[in-house]
Amino acid sequence: MSYMFKQLSREWRFMLRQKYLLVLLGCAILISGFSVQSGLNEVAQQQQTIERLKAADVADRTDTQNKQDEIGMLAYYTFHLTYSPPSDLAFAALGERDIYPWKHRIKMLAIEGQIYESDTQNAELTQAGKIDFLFVISALSPLIVILLFHDLFANERSSGRHDLLVTTAKSPWALWGARGAIRFISLFLCLMLPFYVGAWVSGTSLVAVGLVSLCCFMYLAFWAILSVYWGKNANSGPKVASGLIGIWVLFAFITPILGDLAINKFVHSPKGGDIMLTQREAVNDAWDLPKEATMDAFTATYPEWKDHVAMQSMFEWKWYYAFQQVGDQIAAPISQEYRAASQKKYELAGYASLLSPPLLLQRVLTRLAETDAVAAHKYEQQVRAFHKTLRLYYYPFLFAQGEFDKGNLANLPSFDKFINKQHGVSDTDSAQTTNK
Amino acid sequence: MIEIVQATAVIEANSLCVNIKNNSILKSLNFRVEAGEIYALLGGNGAGKSTTLKTLLGFNAPSSGSVKVDGKEVINALNHVREKTAYLPESATLYTHLTARENVKYFLSLADIQKSDDEIDQAFDRVALQRNARDRHMQTYSKGMRQKTAIALALLREAPIFLLDEPTSGLDPVAIDEFNQLVRELASGGATILMVTHDVYGACQVADRIGLLRDGELVGEFSAPQNGQIETEQVHAAFAQRGAA
Amino acid sequence: MSEHSSSTARFAKMMVVAKDEWRYWLRSKLAISVLAIGLILTLSSVVVTAINTMELSHTRHALQEDAEQTFADQPDRHPHRMVHYGHYAFRAPSPLSVLDPGVDAYTGNSIFLEGHRQNSAMFADQKQGTALTQLGSLTPAFILQTLAPLLLILIGYSSVSRERESQTLTYLLSQGTSGFTLIAGKGLALMSVIGLILVPVAISALFSLHEGESITAIVGFVLGYALYLTVWALLVLLCSSALSKNSESFTALALTWILLCVVMPRVASSTAITTVPAAGKLETDFAVAAEMRKLGDGHNANDPAFAQIKASLLEKYNVDSIDQLPVNYRGVIAMTSEAKLTQVLNEFAEKRMQTELAQTDVSRDFGWLSPMVAIRSLSMLTAGTSIETHHKFLREAEELRFDFVQGLNKAHVEQLSYQVDMNRNKDTDSGQKARVNAQNWQVLDDFSFAVDTPSLRLQRGAPAFLQLLAWIAALIIVIRLVGKRLV
């Protein structure tokens, strides 16, 4: 044990004398620190936004409820904030929250007309991409590993020291093992330390920190072993590094791009715009259709209101909301197809990422941080379910005639309560899926 | 200082053949170096000197025949062989960002040898490395100074066997004399020394025996008379003649 | 005269050095394969993107015409129904987006236009993506901005340091070639590689002439990339001549590339987002809603907020009640409240766009620190795929929206009497009566979006041009200094 420690401490002191290694490690810790810092900022901004929105949402609803009395108008004007807060690991993997919406205001109108509303940030900045910890680990760290490890042997060979070193060392492990290990440990710590600080600040669970550490360790080890293996017989460091950077370009850019092209060719997805078009056409046509057509379609789904569809006037709110629902029903197949297509794409992208370690890591970590497409779809599902709860709340008041007592508004569904209730269910759900 | 009580050869090559990338470099090479002997393998460019040395150090595996150091087949006892030998590479580039002392300390630590600063200074004294240069970065060193540092390192290894690759290249005449003196001292202390060189004159000055290597074969051996030197003319003639043939 | 001949002699020497460098590349496996890969990548990106963009452009034109036709084909209706029926605006891609699609994939390229609200552009391609192309996509812009510098590094890192390591440098210098001439010759060789990379790009840029792009924009676009790659050629020469070993030169260049091409653009955008925080659309929606409640609900003519309008109308036409007005009071209210609402919406939209521009400016200023950031802005700006173009689309779509909504409201005011309108829900007959002729659906202007004029785009790109030129000037000065001390 002490022998091993002696080897490591020698190589540690040796590394401290090599300026360019220190520069590389310095860059690593700086970039990683910046990425964690900006990740924390971003998550804090998201949380603040949610808090502000929640407050504005309550004020807005109170205002509306004071102003409107009729149930139909109340339903028309009352918005409900839905949101998906960033997880405690989101700071490390901001994921696709800049592409998929994580907040919506929805009301009783057809959900298909509301759910695709995007509230994205500055497109030009989104296009450049953000620098988060995940980007640093998955895309940048391989390059730093390559620069640290490619000339482990080549540098000694080209300087004519290799044979002397090997014949002097007690064992190859005492030399190359210790040297490689010290470089690896230093880099690992430089990259991970900012993450640990960030995790401590945002109170990430130890399990998540452990899993992230494990993934990053394996990922970095993969690149380190590849770099060492690639360069083990080489004389020229730059040639080794060129080859390795070529592999990096292949993994980070070429395979994903080809995978993307292939998947988009293979999976046919309906155009998003068509869903909205279908829904809008249905809703607009409903105005000119016989009322029965709408009501029949509505009661096919909700037979409990079959006896309450008779209309006294040319316009009644129950009919209005019925054709909103029918619009959703008509758009449902194409909307289903759209979601199925993106699910299929996500699955296939999983296979594609098996050929690209950087993407595999991104996939695993964004899954852990719940910032990927799956999380976005789950949120969309929640919004849809909440929209249904909302409708089911209003239907009795709309269909069962009679004055609406505003005291009932106390029981108006709220997304917060809805999520809390759902959590009990979805926890066992996710436990089952992880068991699989 | 070091004692080797073995009657057998310390270094021994028997019908040694080595192929590198399908080229046969050593063709049935035979030679033995006894304990306390200074043996010079002399040869021109491409004769197979470096290959022989690398095979002795275990970097090349023999395709047939055998090569033994300290009685053990090299390829089967790499760690043992490397522990028993101190190797001096031809152009010894140590780490230029370290001082001579730091270099020596680093390499000694690799070999798991403890030496005090005093002992290191003694070794530097033996190779006549200027005192004021010892704590300077080796970036500023001349080729001779670098060679001296490497020799000091070899001395400090306290190995019973020395393998020297063109040891005097880059040294000035005074330094060469000092080096030869040092080698003789080591040999009389019981160390076994094998050097490879293309310098006929230098080899004759210091070696007890010279093996003339050509195209991977030993084509002649010359022994020094009791208390005398090998005759330079004789070796030179053989070297030139065979070389021309 | 002698000065002239000495300069031609120097140029001849540079040519010899450059030719020699090419011979080295052709003989070295690494250089030739890097070159081949680079050209294949550029070519395939040009072809793939061109096919995609052509498809998009075609479908968007067709979709726009379709949308207009569908709107005009609607039967007789109550005009306000058409306000809610809505219309679509599609953004046809700019011709140069073949080479740099810029923000197109992120903004979505159609907007649903309806009364009372400004929708955001919808269905950005990215949302239905595979998340595979986060690090880069196969666009010529990405290849040129990120991978081409790497290519220059891989073939050029040893251009001068190699001569030093093999000790031919002293020999060359002792032959009377000055250090600067040697570096310039190596530079000439690298420049020829840049030319080679730019050929497919330039050719495909020229094709966009056919799509109506102006030659000025094309020249500006290609020139921008030429300058950018020149910066990299100079960086390669600098490291290669200032550092003594191949491996040192390589490591330094690789690190420079990582910092300037991979890290900096993201640092720039992250910094921009944190220094200029922007309220999301949702947040402004709340603020708009609050403003709107003050303005009153345009659907409800009895909203007390409209009392003043009512009074002034009664006064204007000198009547006692709204029934006696010669115009449809509901229509007037709809029209006025739409105008007021639009004013509020536009204020917020304008504020949001200004914030986005401020953010973008912060990130573009990083161009002084990274030529990659400079060319990214320059490329998008000249290609007309920057955030400015997106804003222009939003503004024009809003104008289109306002015009058609008010056109319909005008029909509401003038062609539908108040009484008929008020009775519209009484029975089927009155419902049928409360309609206006489908002739009125011709209110749509032909919408065809065009990017800004080339001169405006180039003018916006001027700072980025300056940034690149500053990099070039600074590097040349440093290289001259290094060239003098070359040993």
# chains A, B, ... in the order shown; residues from 1 in each chain; ligands from 1
call {"tool": "closest_atom_pairs", "arguments": {"of": "stretch 368-457 of chain C", "to": "stretch 306-328 of chain C", "cutoff": "12 Å", "atoms": "only C-alpha atoms", "output": "Markdown table"}}
result
| residue | atom | partner | partner_atom | distance |
| --- | --- | --- | --- | --- |
| C:Asn409 | CA | C:Asn328 | CA | 10.0 |
| C:Lys410 | CA | C:Asn328 | CA | 9.6 |
| C:Ala411 | CA | C:Asn328 | CA | 9.6 |
| C:His412 | CA | C:Asn328 | CA | 7.0 |
| C:Val413 | CA | C:Asn328 | CA | 4.6 |
| C:Glu414 | CA | C:Val327 | CA | 5.9 |
| C:Gln415 | CA | C:Asn328 | CA | 8.2 |
| C:Leu416 | CA | C:Asn328 | CA | 6.5 |
| C:Ser417 | CA | C:Asn328 | CA | 5.4 |
| C:Tyr418 | CA | C:Asn328 | CA | 4.6 |
| C:Gln419 | CA | C:Asp323 | CA | 7.0 |
| C:Val420 | CA | C:Asn328 | CA | 9.5 |
| C:Asp421 | CA | C:Asn328 | CA | 8.0 |
| C:Met422 | CA | C:Asn328 | CA | 9.8 |
| C:Ala434 | CA | C:Asn328 | CA | 11.7 |
call {"tool": "write_last_selection", "arguments": {"atoms": "C-alpha atoms", "output": "JSON list (two decimals), in the first residue's frame"}}
result
[["chain", "number", "residue", "atom", "x", "y", "z"],
["C", 409, "ASN", "CA", -64.10, 44.10, -38.02],
["C", 410, "LYS", "CA", -64.77, 46.77, -40.64],
["C", 411, "ALA", "CA", -67.19, 44.42, -42.35],
["C", 412, "HIS", "CA", -68.69, 43.79, -38.94],
["C", 413, "VAL", "CA", -69.21, 47.54, -38.41],
["C", 414, "GLU", "CA", -70.52, 48.38, -41.85],
["C", 415, "GLN", "CA", -72.31, 45.33, -43.20],
["C", 416, "LEU", "CA", -74.08, 43.90, -40.21],
["C", 417, "SER", "CA", -76.75, 45.84, -38.41],
["C", 418, "TYR", "CA", -76.64, 45.97, -34.63],
["C", 419, "GLN", "CA", -80.12, 44.48, -34.16],
["C", 420, "VAL", "CA", -79.45, 41.53, -36.42],
["C", 421, "ASP", "CA", -76.17, 41.02, -34.67],
["C", 422, "MET", "CA", -77.73, 41.07, -31.20],
["C", 434, "ALA", "CA", -76.25, 37.54, -38.87]]
call {"tool": "closest_atom_pairs", "arguments": {"of": "chain B", "to": "chain A", "cutoff": "6 Å", "atoms": "only C-alpha atoms", "output": "tab-separated table"}}
result
residue	atom	partner	partner_atom	distance
B:Arg82	CA	A:Thr167	CA	5.2
B:Leu110	CA	A:Ala169	CA	4.7
B:Ala111	CA	A:Ala169	CA	4.8
call {"tool": "residues_around", "arguments": {"residues": "stretch 275-278 of chain A", "least_positions_apart": "4", "cutoff": "9 Å", "atoms": "only C-alpha atoms", "output": "list in words"}}
result
Glu112, Gly113, Tyr116, Pro270, Lys271, Ala282, Val283, Gly327, Asp328, Ile330, Ala331, Ala332, Ile334, Ser335 and Tyr338 of chain A
call {"tool": "write_last_selection", "arguments": {"atoms": "N, CA and C atoms", "output": "compact mmCIF listing (two decimals), in the first residue's frame"}}
result
# COMPACT_ATOMS: atom_id res chain seq x y z
N GLU A 112 -55.50 20.64 -27.64
CA GLU A 112 -54.59 20.56 -28.79
C GLU A 112 -54.23 21.94 -29.32
N GLY A 113 -55.06 22.90 -29.03
CA GLY A 113 -54.76 24.26 -29.47
C GLY A 113 -53.83 24.99 -28.51
N TYR A 116 -49.13 23.07 -27.75
CA TYR A 116 -47.93 23.22 -28.58
C TYR A 116 -47.34 24.61 -28.53
N PRO A 270 -46.40 12.87 -38.45
CA PRO A 270 -47.27 13.89 -39.03
C PRO A 270 -46.71 15.26 -38.69
N LYS A 271 -46.99 16.24 -39.51
CA LYS A 271 -46.50 17.59 -39.25
C LYS A 271 -47.25 18.16 -38.05
N ALA A 282 -62.01 21.60 -37.08
CA ALA A 282 -63.12 20.91 -36.42
C ALA A 282 -63.92 21.90 -35.58
N VAL A 283 -63.20 22.72 -34.80
CA VAL A 283 -63.88 23.68 -33.93
C VAL A 283 -64.64 24.70 -34.76
N GLY A 327 -63.36 18.82 -30.96
CA GLY A 327 -62.19 19.20 -31.74
C GLY A 327 -60.97 18.40 -31.31
N ASP A 328 -60.79 18.25 -30.01
CA ASP A 328 -59.69 17.44 -29.49
C ASP A 328 -59.83 15.99 -29.93
N ILE A 330 -61.33 14.85 -32.54
CA ILE A 330 -61.04 14.67 -33.97
C ILE A 330 -59.54 14.73 -34.24
N ALA A 331 -58.86 15.60 -33.49
CA ALA A 331 -57.42 15.72 -33.70
C ALA A 331 -56.65 14.62 -32.97
N ALA A 332 -57.34 13.85 -32.10
CA ALA A 332 -56.64 12.88 -31.26
C ALA A 332 -55.79 11.87 -32.03
N ILE A 334 -54.28 11.98 -34.94
CA ILE A 334 -53.05 12.55 -35.52
C ILE A 334 -52.11 13.01 -34.40
N SER A 335 -52.72 13.49 -33.31
CA SER A 335 -51.90 13.89 -32.17
C SER A 335 -51.21 12.68 -31.55
N TYR A 338 -48.43 11.69 -33.71
CA TYR A 338 -47.31 12.63 -33.54
C TYR A 338 -46.49 12.24 -32.32
call {"tool": "select_by_dssp", "arguments": {"residues": "stretch 262-419 of chain C", "states": "helix (DSSP H, G or I)", "output": "count of residues only"}}
result
130
call {"tool": "atom_distance", "arguments": {"atom1": "atom CA of C:Arg293", "atom2": "atom CA of C:Phe402"}}
result
20.0 Å
call {"tool": "residues_around", "arguments": {"residues": "B:Val10", "least_positions_apart": "2", "cutoff": "12 Å", "atoms": "only C-alpha atoms", "output": "ChimeraX atom specification"}}
result
/B:4-8,12-13,31-39,56,67-74,81,84-85,160-163,190-194
call {"tool": "interface_residues", "arguments": {"of": "chain A", "to": "chain C", "cutoff": "6 Å", "atoms": "only C-alpha atoms", "output": "ChimeraX atom specification"}}
result
/A:119,122-125,128-131,238,256-257,272,313-315,342,345-346,349
call {"tool": "atom_distance", "arguments": {"atom1": "atom CA of A:Tyr321", "atom2": "atom CA of A:Tyr76"}}
result
9.2 Å
call {"tool": "closest_atom_pairs", "arguments": {"of": "stretch 34-140 of chain B", "to": "stretch 16-20 of chain B", "cutoff": "12 Å", "atoms": "only C-alpha atoms", "output": "tab-separated table"}}
result
residue	atom	partner	partner_atom	distance
B:Gly48	CA	B:Val18	CA	9.6
B:Lys49	CA	B:Val18	CA	11.9
B:Ser50	CA	B:Val18	CA	11.8
B:Thr51	CA	B:Val18	CA	8.1
B:Thr52	CA	B:Val18	CA	8.6
B:Leu53	CA	B:Val18	CA	11.6
B:Lys54	CA	B:Val18	CA	10.5
B:Thr55	CA	B:Val18	CA	8.1
B:Leu56	CA	B:Leu16	CA	10.7
B:Gly58	CA	B:Val18	CA	11.7
B:Phe59	CA	B:Val18	CA	11.1
B:Asn60	CA	B:Val18	CA	7.4
B:Ala61	CA	B:Val18	CA	7.0
B:Pro62	CA	B:Val18	CA	4.8
B:Ser63	CA	B:Val18	CA	5.1
B:Ser64	CA	B:Cys17	CA	5.2
B:Gly65	CA	B:Leu16	CA	4.4
B:Ser66	CA	B:Leu16	CA	5.5
B:Val67	CA	B:Leu16	CA	6.6
B:Lys68	CA	B:Leu16	CA	10.2
B:Glu73	CA	B:Leu16	CA	11.8
